[in-house]
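This report concerns only the one structure given below.
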Amino acid sequence: MYFRILNDEKSGELTYLLADLSSREAVLIDPHGRDLPVLTALLDERDLCLRWVLRTHHHDDIQPAEPGLLARLAAPLIQGQSSAGLAVSDGTVLPFGAERIHVVVTPGHTAACLSFAWRDRFFCGGLLAVTACPHQPRPLAPEALWDSVTRKVFTLPDETLLFAGHEQRARAVSTVFEQRRWHPFFAGQTRDEFLAHMAALSERRVLAPILRNDE
């Protein structure tokens, strides 16, 4: 197997390349259009055939060129509710070579987020970032986010490796045990406490421009 992490230092966004070297089939998770030359070079370097392009979430409303750019990779696109990608459901299995990736529907950061499980690794995009996404300051669906994290992420084995979609001066990789025990928004919180915290964050962001205008 071949596994590579690409990090954009400016935005903190992360892309993952997985490949079964025996079959030469590869998967990209959360690629970005600006990185097409680098991604193509990595595939060509090892003579890899791209089997799937997987997106845990997207912000195509503010990055409208992304679907067109990613289409140049010439591989089936899997993402949440969008006419640009193939339809999948919870539990869909995506083969590449002798390997299998399992689709897990995990709404919350956006209304249609997906996560991808492979071996002992779980690629969960912006689920655990909560307020650290460079394109979206807070989760769009806090109730769904709580359920996705507590019911689908935190119920995985303690040693499962969690791979984020972006980081800000933080670790890109952690474990379920660590996040369940120490996550600043989920650990030790009840559902109601978490939702109250999210509501308070939203209220502060609404009031901030009003207060600035009154100064």
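In the structure tokens, the first chain shown is A, the next is B, and so on; residue numbers restart at 1 for each chain, and ligands run from 1 in the order shown.
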
List the neighbours of segment 136-141 of chain A out to 9 Å using only C-alpha atoms; skip same-chain residues closer than 6 positions along the sequence, and give me the result as JSON, numbers by chain.
{"A": [59, 107, 108, 109, 110, 111, 126, 127, 130, 198, 201, 202]}

Put those residues in a file: N, CA, C and O atoms, as a PDB file, in the first residue's frame.
```
ATOM      1  N   HIS A  59     -17.440  23.198  -0.364  1.00  0.00           N
ATOM      2  CA  HIS A  59     -17.960  24.563  -0.252  1.00  0.00           C
ATOM      3  C   HIS A  59     -18.017  25.171  -1.650  1.00  0.00           C
ATOM      4  O   HIS A  59     -17.484  26.242  -1.915  1.00  0.00           O
ATOM      5  N   PRO A 107     -23.597  13.805   8.460  1.00  0.00           N
ATOM      6  CA  PRO A 107     -23.948  15.223   8.306  1.00  0.00           C
ATOM      7  C   PRO A 107     -23.621  16.022   9.564  1.00  0.00           C
ATOM      8  O   PRO A 107     -23.505  15.471  10.656  1.00  0.00           O
ATOM      9  N   GLY A 108     -23.472  17.328   9.385  1.00  0.00           N
ATOM     10  CA  GLY A 108     -23.246  18.195  10.537  1.00  0.00           C
ATOM     11  C   GLY A 108     -22.411  19.405  10.198  1.00  0.00           C
ATOM     12  O   GLY A 108     -22.848  20.538  10.340  1.00  0.00           O
ATOM     13  N   HIS A 109     -21.167  19.177   9.761  1.00  0.00           N
ATOM     14  CA  HIS A 109     -20.334  20.307   9.344  1.00  0.00           C
ATOM     15  C   HIS A 109     -21.029  21.013   8.188  1.00  0.00           C
ATOM     16  O   HIS A 109     -21.210  22.231   8.189  1.00  0.00           O
ATOM     17  N   THR A 110     -21.435  20.242   7.177  1.00  0.00           N
ATOM     18  CA  THR A 110     -22.421  20.677   6.199  1.00  0.00           C
ATOM     19  C   THR A 110     -23.584  19.697   6.302  1.00  0.00           C
ATOM     20  O   THR A 110     -23.505  18.698   7.009  1.00  0.00           O
ATOM     21  N   ALA A 111     -24.636  19.983   5.576  1.00  0.00           N
ATOM     22  CA  ALA A 111     -25.827  19.133   5.699  1.00  0.00           C
ATOM     23  C   ALA A 111     -25.632  17.762   5.082  1.00  0.00           C
ATOM     24  O   ALA A 111     -26.416  16.847   5.350  1.00  0.00           O
ATOM     25  N   GLY A 126     -14.427  17.752   8.079  1.00  0.00           N
ATOM     26  CA  GLY A 126     -14.542  18.858   9.023  1.00  0.00           C
ATOM     27  C   GLY A 126     -15.369  18.554  10.253  1.00  0.00           C
ATOM     28  O   GLY A 126     -15.674  19.472  11.033  1.00  0.00           O
ATOM     29  N   LEU A 127     -15.724  17.290  10.484  1.00  0.00           N
ATOM     30  CA  LEU A 127     -16.613  16.963  11.599  1.00  0.00           C
ATOM     31  C   LEU A 127     -16.073  17.449  12.936  1.00  0.00           C
ATOM     32  O   LEU A 127     -16.805  18.022  13.744  1.00  0.00           O
ATOM     33  N   VAL A 130     -15.172  21.801  13.914  1.00  0.00           N
ATOM     34  CA  VAL A 130     -16.231  22.622  14.496  1.00  0.00           C
ATOM     35  C   VAL A 130     -16.088  24.092  14.088  1.00  0.00           C
ATOM     36  O   VAL A 130     -16.883  24.597  13.304  1.00  0.00           O
ATOM     37  N   MET A 198     -23.036  26.075  20.622  1.00  0.00           N
ATOM     38  CA  MET A 198     -23.112  26.437  19.207  1.00  0.00           C
ATOM     39  C   MET A 198     -24.030  27.635  18.990  1.00  0.00           C
ATOM     40  O   MET A 198     -23.739  28.522  18.186  1.00  0.00           O
ATOM     41  N   LEU A 201     -22.167  30.756  19.996  1.00  0.00           N
ATOM     42  CA  LEU A 201     -21.200  31.145  18.977  1.00  0.00           C
ATOM     43  C   LEU A 201     -21.877  31.849  17.816  1.00  0.00           C
ATOM     44  O   LEU A 201     -21.393  32.869  17.307  1.00  0.00           O
ATOM     45  N   SER A 202     -23.025  31.326  17.400  1.00  0.00           N
ATOM     46  CA  SER A 202     -23.757  31.936  16.301  1.00  0.00           C
ATOM     47  C   SER A 202     -24.232  33.333  16.661  1.00  0.00           C
ATOM     48  O   SER A 202     -24.151  34.268  15.866  1.00  0.00           O
TER      49      SER A 202
END
```

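Among the candidates A:Glu143, A:Glu159, A:Glu25, A:Asp120, the one nearest to Phe96 of chain A when counting only C-alpha atoms is A:Glu25.
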
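Residues with any atom within 12 Å of Leu42 of chain A, counting only C-alpha atoms and excluding same-chain neighbours fewer than 4 positions away, are Tyr2, Phe3, Arg4, Ile5, Leu6, Tyr16, Leu17, Leu18, Ala19, Ala26, Val27, Leu28, Asp35, Leu36, Pro37, Val38, Arg46, Asp47, Leu48, Cys49 and Leu50 of chain A.
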
Take the selection from the previous step and output its residues with N, CA, C and O atoms, as a PDB file, in the first residue's frame.
```
ATOM      1  N   TYR A   2       0.300   2.298  -0.562  1.00  0.00           N
ATOM      2  CA  TYR A   2       0.957   3.601  -0.579  1.00  0.00           C
ATOM      3  C   TYR A   2      -0.010   4.608   0.027  1.00  0.00           C
ATOM      4  O   TYR A   2      -1.197   4.629  -0.316  1.00  0.00           O
ATOM      5  N   PHE A   3       0.500   5.432   0.943  1.00  0.00           N
ATOM      6  CA  PHE A   3      -0.347   6.415   1.614  1.00  0.00           C
ATOM      7  C   PHE A   3       0.427   7.723   1.723  1.00  0.00           C
ATOM      8  O   PHE A   3       1.575   7.736   2.174  1.00  0.00           O
ATOM      9  N   ARG A   4      -0.198   8.806   1.292  1.00  0.00           N
ATOM     10  CA  ARG A   4       0.485  10.100   1.276  1.00  0.00           C
ATOM     11  C   ARG A   4      -0.470  11.190   1.767  1.00  0.00           C
ATOM     12  O   ARG A   4      -1.649  11.201   1.418  1.00  0.00           O
ATOM     13  N   ILE A   5       0.046  12.107   2.596  1.00  0.00           N
ATOM     14  CA  ILE A   5      -0.724  13.247   3.079  1.00  0.00           C
ATOM     15  C   ILE A   5      -0.166  14.511   2.445  1.00  0.00           C
ATOM     16  O   ILE A   5       1.044  14.734   2.449  1.00  0.00           O
ATOM     17  N   LEU A   6      -1.050  15.354   1.900  1.00  0.00           N
ATOM     18  CA  LEU A   6      -0.659  16.645   1.366  1.00  0.00           C
ATOM     19  C   LEU A   6      -1.320  17.725   2.202  1.00  0.00           C
ATOM     20  O   LEU A   6      -2.526  17.667   2.471  1.00  0.00           O
ATOM     21  N   TYR A  16      -5.568  13.380   0.957  1.00  0.00           N
ATOM     22  CA  TYR A  16      -4.984  12.068   1.198  1.00  0.00           C
ATOM     23  C   TYR A  16      -4.992  11.240  -0.089  1.00  0.00           C
ATOM     24  O   TYR A  16      -5.993  11.208  -0.818  1.00  0.00           O
ATOM     25  N   LEU A  17      -3.870  10.600  -0.361  1.00  0.00           N
ATOM     26  CA  LEU A  17      -3.733   9.704  -1.499  1.00  0.00           C
ATOM     27  C   LEU A  17      -3.488   8.286  -0.989  1.00  0.00           C
ATOM     28  O   LEU A  17      -2.542   8.046  -0.228  1.00  0.00           O
ATOM     29  N   LEU A  18      -4.351   7.353  -1.387  1.00  0.00           N
ATOM     30  CA  LEU A  18      -4.221   5.952  -1.035  1.00  0.00           C
ATOM     31  C   LEU A  18      -4.068   5.170  -2.329  1.00  0.00           C
ATOM     32  O   LEU A  18      -4.726   5.484  -3.329  1.00  0.00           O
ATOM     33  N   ALA A  19      -3.227   4.150  -2.318  1.00  0.00           N
ATOM     34  CA  ALA A  19      -3.076   3.343  -3.519  1.00  0.00           C
ATOM     35  C   ALA A  19      -2.753   1.905  -3.166  1.00  0.00           C
ATOM     36  O   ALA A  19      -1.987   1.626  -2.246  1.00  0.00           O
ATOM     37  N   ALA A  26      -5.753   3.851  -7.312  1.00  0.00           N
ATOM     38  CA  ALA A  26      -5.581   4.857  -6.261  1.00  0.00           C
ATOM     39  C   ALA A  26      -6.897   5.575  -5.963  1.00  0.00           C
ATOM     40  O   ALA A  26      -7.848   5.559  -6.763  1.00  0.00           O
ATOM     41  N   VAL A  27      -6.909   6.210  -4.798  1.00  0.00           N
ATOM     42  CA  VAL A  27      -8.047   7.010  -4.342  1.00  0.00           C
ATOM     43  C   VAL A  27      -7.515   8.333  -3.812  1.00  0.00           C
ATOM     44  O   VAL A  27      -6.499   8.361  -3.105  1.00  0.00           O
ATOM     45  N   LEU A  28      -8.185   9.413  -4.155  1.00  0.00           N
ATOM     46  CA  LEU A  28      -7.888  10.720  -3.565  1.00  0.00           C
ATOM     47  C   LEU A  28      -9.042  11.128  -2.667  1.00  0.00           C
ATOM     48  O   LEU A  28     -10.210  11.065  -3.077  1.00  0.00           O
ATOM     49  N   ASP A  35      -4.415  22.051  -6.704  1.00  0.00           N
ATOM     50  CA  ASP A  35      -3.311  21.094  -6.580  1.00  0.00           C
ATOM     51  C   ASP A  35      -3.236  20.097  -7.735  1.00  0.00           C
ATOM     52  O   ASP A  35      -2.474  19.134  -7.658  1.00  0.00           O
ATOM     53  N   LEU A  36      -4.004  20.313  -8.783  1.00  0.00           N
ATOM     54  CA  LEU A  36      -4.042  19.338  -9.872  1.00  0.00           C
ATOM     55  C   LEU A  36      -2.663  18.976 -10.416  1.00  0.00           C
ATOM     56  O   LEU A  36      -2.378  17.782 -10.632  1.00  0.00           O
ATOM     57  N   PRO A  37      -1.764  19.930 -10.662  1.00  0.00           N
ATOM     58  CA  PRO A  37      -0.442  19.546 -11.177  1.00  0.00           C
ATOM     59  C   PRO A  37       0.321  18.615 -10.241  1.00  0.00           C
ATOM     60  O   PRO A  37       0.939  17.636 -10.682  1.00  0.00           O
ATOM     61  N   VAL A  38       0.257  18.897  -8.933  1.00  0.00           N
ATOM     62  CA  VAL A  38       0.948  18.053  -7.957  1.00  0.00           C
ATOM     63  C   VAL A  38       0.297  16.671  -7.885  1.00  0.00           C
ATOM     64  O   VAL A  38       0.991  15.643  -7.874  1.00  0.00           O
ATOM     65  N   ARG A  46       4.143   6.980  -9.797  1.00  0.00           N
ATOM     66  CA  ARG A  46       4.038   5.553  -9.456  1.00  0.00           C
ATOM     67  C   ARG A  46       3.124   4.797 -10.422  1.00  0.00           C
ATOM     68  O   ARG A  46       2.698   3.679 -10.136  1.00  0.00           O
ATOM     69  N   ASP A  47       2.817   5.445 -11.552  1.00  0.00           N
ATOM     70  CA  ASP A  47       2.002   4.819 -12.588  1.00  0.00           C
ATOM     71  C   ASP A  47       0.670   4.328 -12.014  1.00  0.00           C
ATOM     72  O   ASP A  47       0.258   3.183 -12.209  1.00  0.00           O
ATOM     73  N   LEU A  48      -0.013   5.240 -11.301  1.00  0.00           N
ATOM     74  CA  LEU A  48      -1.265   4.890 -10.639  1.00  0.00           C
ATOM     75  C   LEU A  48      -2.465   5.300 -11.486  1.00  0.00           C
ATOM     76  O   LEU A  48      -2.456   6.352 -12.140  1.00  0.00           O
ATOM     77  N   CYS A  49      -3.495   4.479 -11.446  1.00  0.00           N
ATOM     78  CA  CYS A  49      -4.759   4.785 -12.108  1.00  0.00           C
ATOM     79  C   CYS A  49      -5.751   5.233 -11.032  1.00  0.00           C
ATOM     80  O   CYS A  49      -6.024   4.493 -10.085  1.00  0.00           O
ATOM     81  N   LEU A  50      -6.280   6.432 -11.170  1.00  0.00           N
ATOM     82  CA  LEU A  50      -7.187   6.972 -10.150  1.00  0.00           C
ATOM     83  C   LEU A  50      -8.560   6.314 -10.276  1.00  0.00           C
ATOM     84  O   LEU A  50      -9.230   6.444 -11.309  1.00  0.00           O
TER      85      LEU A  50
END
```

Just list as number ranges by chain whatever in segment 5-165 of chain A DSSP marks as strand (DSSP E or B).
A: 5-7, 13-20, 25-29, 49-54, 77-78, 86, 93-96, 99-105, 114-118, 121-125, 161-164

Please extract the residues of segment 32-166 of chain A with a backbone DSSP assignment of alpha helix (DSSP H) and present them as a tab-separated table (two decimals) with N, CA and C atoms, in the first residue's frame.
```
chain	number	residue	atom	x	y	z
A	36	LEU	N	-4.00	20.31	-8.78
A	36	LEU	CA	-4.04	19.34	-9.87
A	36	LEU	C	-2.66	18.98	-10.42
A	37	PRO	N	-1.76	19.93	-10.66
A	37	PRO	CA	-0.44	19.55	-11.18
A	37	PRO	C	0.32	18.62	-10.24
A	38	VAL	N	0.26	18.90	-8.93
A	38	VAL	CA	0.95	18.05	-7.96
A	38	VAL	C	0.30	16.67	-7.88
A	39	LEU	N	-1.02	16.64	-7.85
A	39	LEU	CA	-1.73	15.36	-7.76
A	39	LEU	C	-1.46	14.50	-8.98
A	40	THR	N	-1.49	15.11	-10.15
A	40	THR	CA	-1.22	14.37	-11.38
A	40	THR	C	0.20	13.83	-11.39
A	41	ALA	N	1.13	14.64	-10.91
A	41	ALA	CA	2.53	14.20	-10.86
A	41	ALA	C	2.71	13.02	-9.91
A	42	LEU	N	2.02	13.05	-8.76
A	42	LEU	CA	2.12	11.94	-7.80
A	42	LEU	C	1.56	10.65	-8.39
A	43	LEU	N	0.46	10.76	-9.11
A	43	LEU	CA	-0.12	9.58	-9.74
A	43	LEU	C	0.81	9.03	-10.83
A	44	ASP	N	1.35	9.94	-11.63
A	44	ASP	CA	2.22	9.52	-12.72
A	44	ASP	C	3.53	8.91	-12.20
A	45	GLU	N	4.01	9.45	-11.08
A	45	GLU	CA	5.28	8.99	-10.52
A	45	GLU	C	5.27	7.49	-10.25
A	66	GLU	N	-14.48	24.48	-8.44
A	66	GLU	CA	-13.93	23.21	-7.97
A	66	GLU	C	-14.46	21.97	-8.71
A	67	PRO	N	-15.78	21.82	-8.89
A	67	PRO	CA	-16.23	20.60	-9.58
A	67	PRO	C	-15.63	20.45	-10.98
A	68	GLY	N	-15.54	21.55	-11.71
A	68	GLY	CA	-14.96	21.49	-13.04
A	68	GLY	C	-13.49	21.12	-13.02
A	69	LEU	N	-12.76	21.67	-12.06
A	69	LEU	CA	-11.34	21.34	-11.94
A	69	LEU	C	-11.14	19.88	-11.58
A	70	LEU	N	-11.91	19.40	-10.61
A	70	LEU	CA	-11.76	18.01	-10.18
A	70	LEU	C	-12.19	17.02	-11.26
A	71	ALA	N	-13.08	17.46	-12.16
A	71	ALA	CA	-13.49	16.59	-13.26
A	71	ALA	C	-12.32	16.25	-14.18
A	142	PRO	N	-25.81	21.78	13.69
A	142	PRO	CA	-25.24	21.35	14.96
A	142	PRO	C	-25.86	20.08	15.54
A	143	GLU	N	-27.19	19.94	15.41
A	143	GLU	CA	-27.84	18.75	15.95
A	143	GLU	C	-27.33	17.49	15.25
A	144	ALA	N	-27.25	17.57	13.92
A	144	ALA	CA	-26.76	16.42	13.15
A	144	ALA	C	-25.29	16.17	13.45
A	145	LEU	N	-24.52	17.24	13.66
A	145	LEU	CA	-23.10	17.09	13.98
A	145	LEU	C	-22.91	16.31	15.28
A	146	TRP	N	-23.66	16.67	16.30
A	146	TRP	CA	-23.57	15.96	17.57
A	146	TRP	C	-23.84	14.47	17.39
A	147	ASP	N	-24.91	14.16	16.64
A	147	ASP	CA	-25.27	12.76	16.43
A	147	ASP	C	-24.20	12.03	15.63
```

When you count only C-alpha atoms, which of these residues is closest to Thr15 of chain A: A:Trp52, A:Phe122, A:Phe154, A:Phe163?
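Of the candidates, the smallest distance to Thr15 of chain A is held by A:Phe163.
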
Between atom CA of Val103 of chain A and atom CA of Ser89 of chain A, distance in Å (one decimal)
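Atom-to-atom, atom CA of Val103 of chain A and atom CA of Ser89 of chain A are spaced 7.1 Å apart.
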
So the first atom is atom CA of Arg191 of chain A and the second is atom CA of Thr150 of chain A; what is the distance between them in Å, to one decimal place?
9.4 Å

Nearest to Leu86 of chain A among A:Arg72, A:Arg55, A:His32, A:His102, with distances taken over only C-alpha atoms: which residue is it?
A:Arg55

Taken to one decimal, the atom CA of Thr175 of chain A-atom CA of Asp158 of chain A distance is 6.6 Å

For Gln79 of chain A, find every residue with an atom within 10 Å (counting only C-alpha atoms), except residues of its own chain fewer than 4 positions away, and show them as a PDB file with C-alpha atoms, in the first residue's frame.
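The resulting file, around.pdb, is shown below:
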```pdb
ATOM      1  CA  ASP A  30     -10.510  15.765  -0.407  1.00  0.00           C
ATOM      2  CA  VAL A  53     -12.264  11.009  -6.055  1.00  0.00           C
ATOM      3  CA  LEU A  54     -13.855  11.257  -2.603  1.00  0.00           C
ATOM      4  CA  ARG A  55     -14.927  14.490  -0.908  1.00  0.00           C
ATOM      5  CA  THR A  56     -15.952  14.490   2.740  1.00  0.00           C
ATOM      6  CA  HIS A  57     -17.603  17.870   2.171  1.00  0.00           C
ATOM      7  CA  HIS A  58     -17.414  20.814  -0.155  1.00  0.00           C
ATOM      8  CA  SER A  83     -25.527  16.714  -8.981  1.00  0.00           C
ATOM      9  CA  ALA A  84     -21.767  16.700  -9.555  1.00  0.00           C
ATOM     10  CA  GLY A  85     -21.161  13.356  -7.844  1.00  0.00           C
ATOM     11  CA  LEU A  86     -22.385   9.763  -7.920  1.00  0.00           C
ATOM     12  CA  ALA A  87     -25.158   8.857  -5.491  1.00  0.00           C
ATOM     13  CA  VAL A  88     -24.062   6.796  -2.488  1.00  0.00           C
ATOM     14  CA  VAL A 103     -18.911   5.268   3.017  1.00  0.00           C
ATOM     15  CA  ALA A 112     -24.453  16.340   3.516  1.00  0.00           C
ATOM     16  CA  CYS A 113     -21.014  15.402   4.840  1.00  0.00           C
ATOM     17  CA  LEU A 114     -19.563  11.956   4.222  1.00  0.00           C
ATOM     18  CA  SER A 115     -16.784  10.130   6.021  1.00  0.00           C
TER      19      SER A 115
END
```
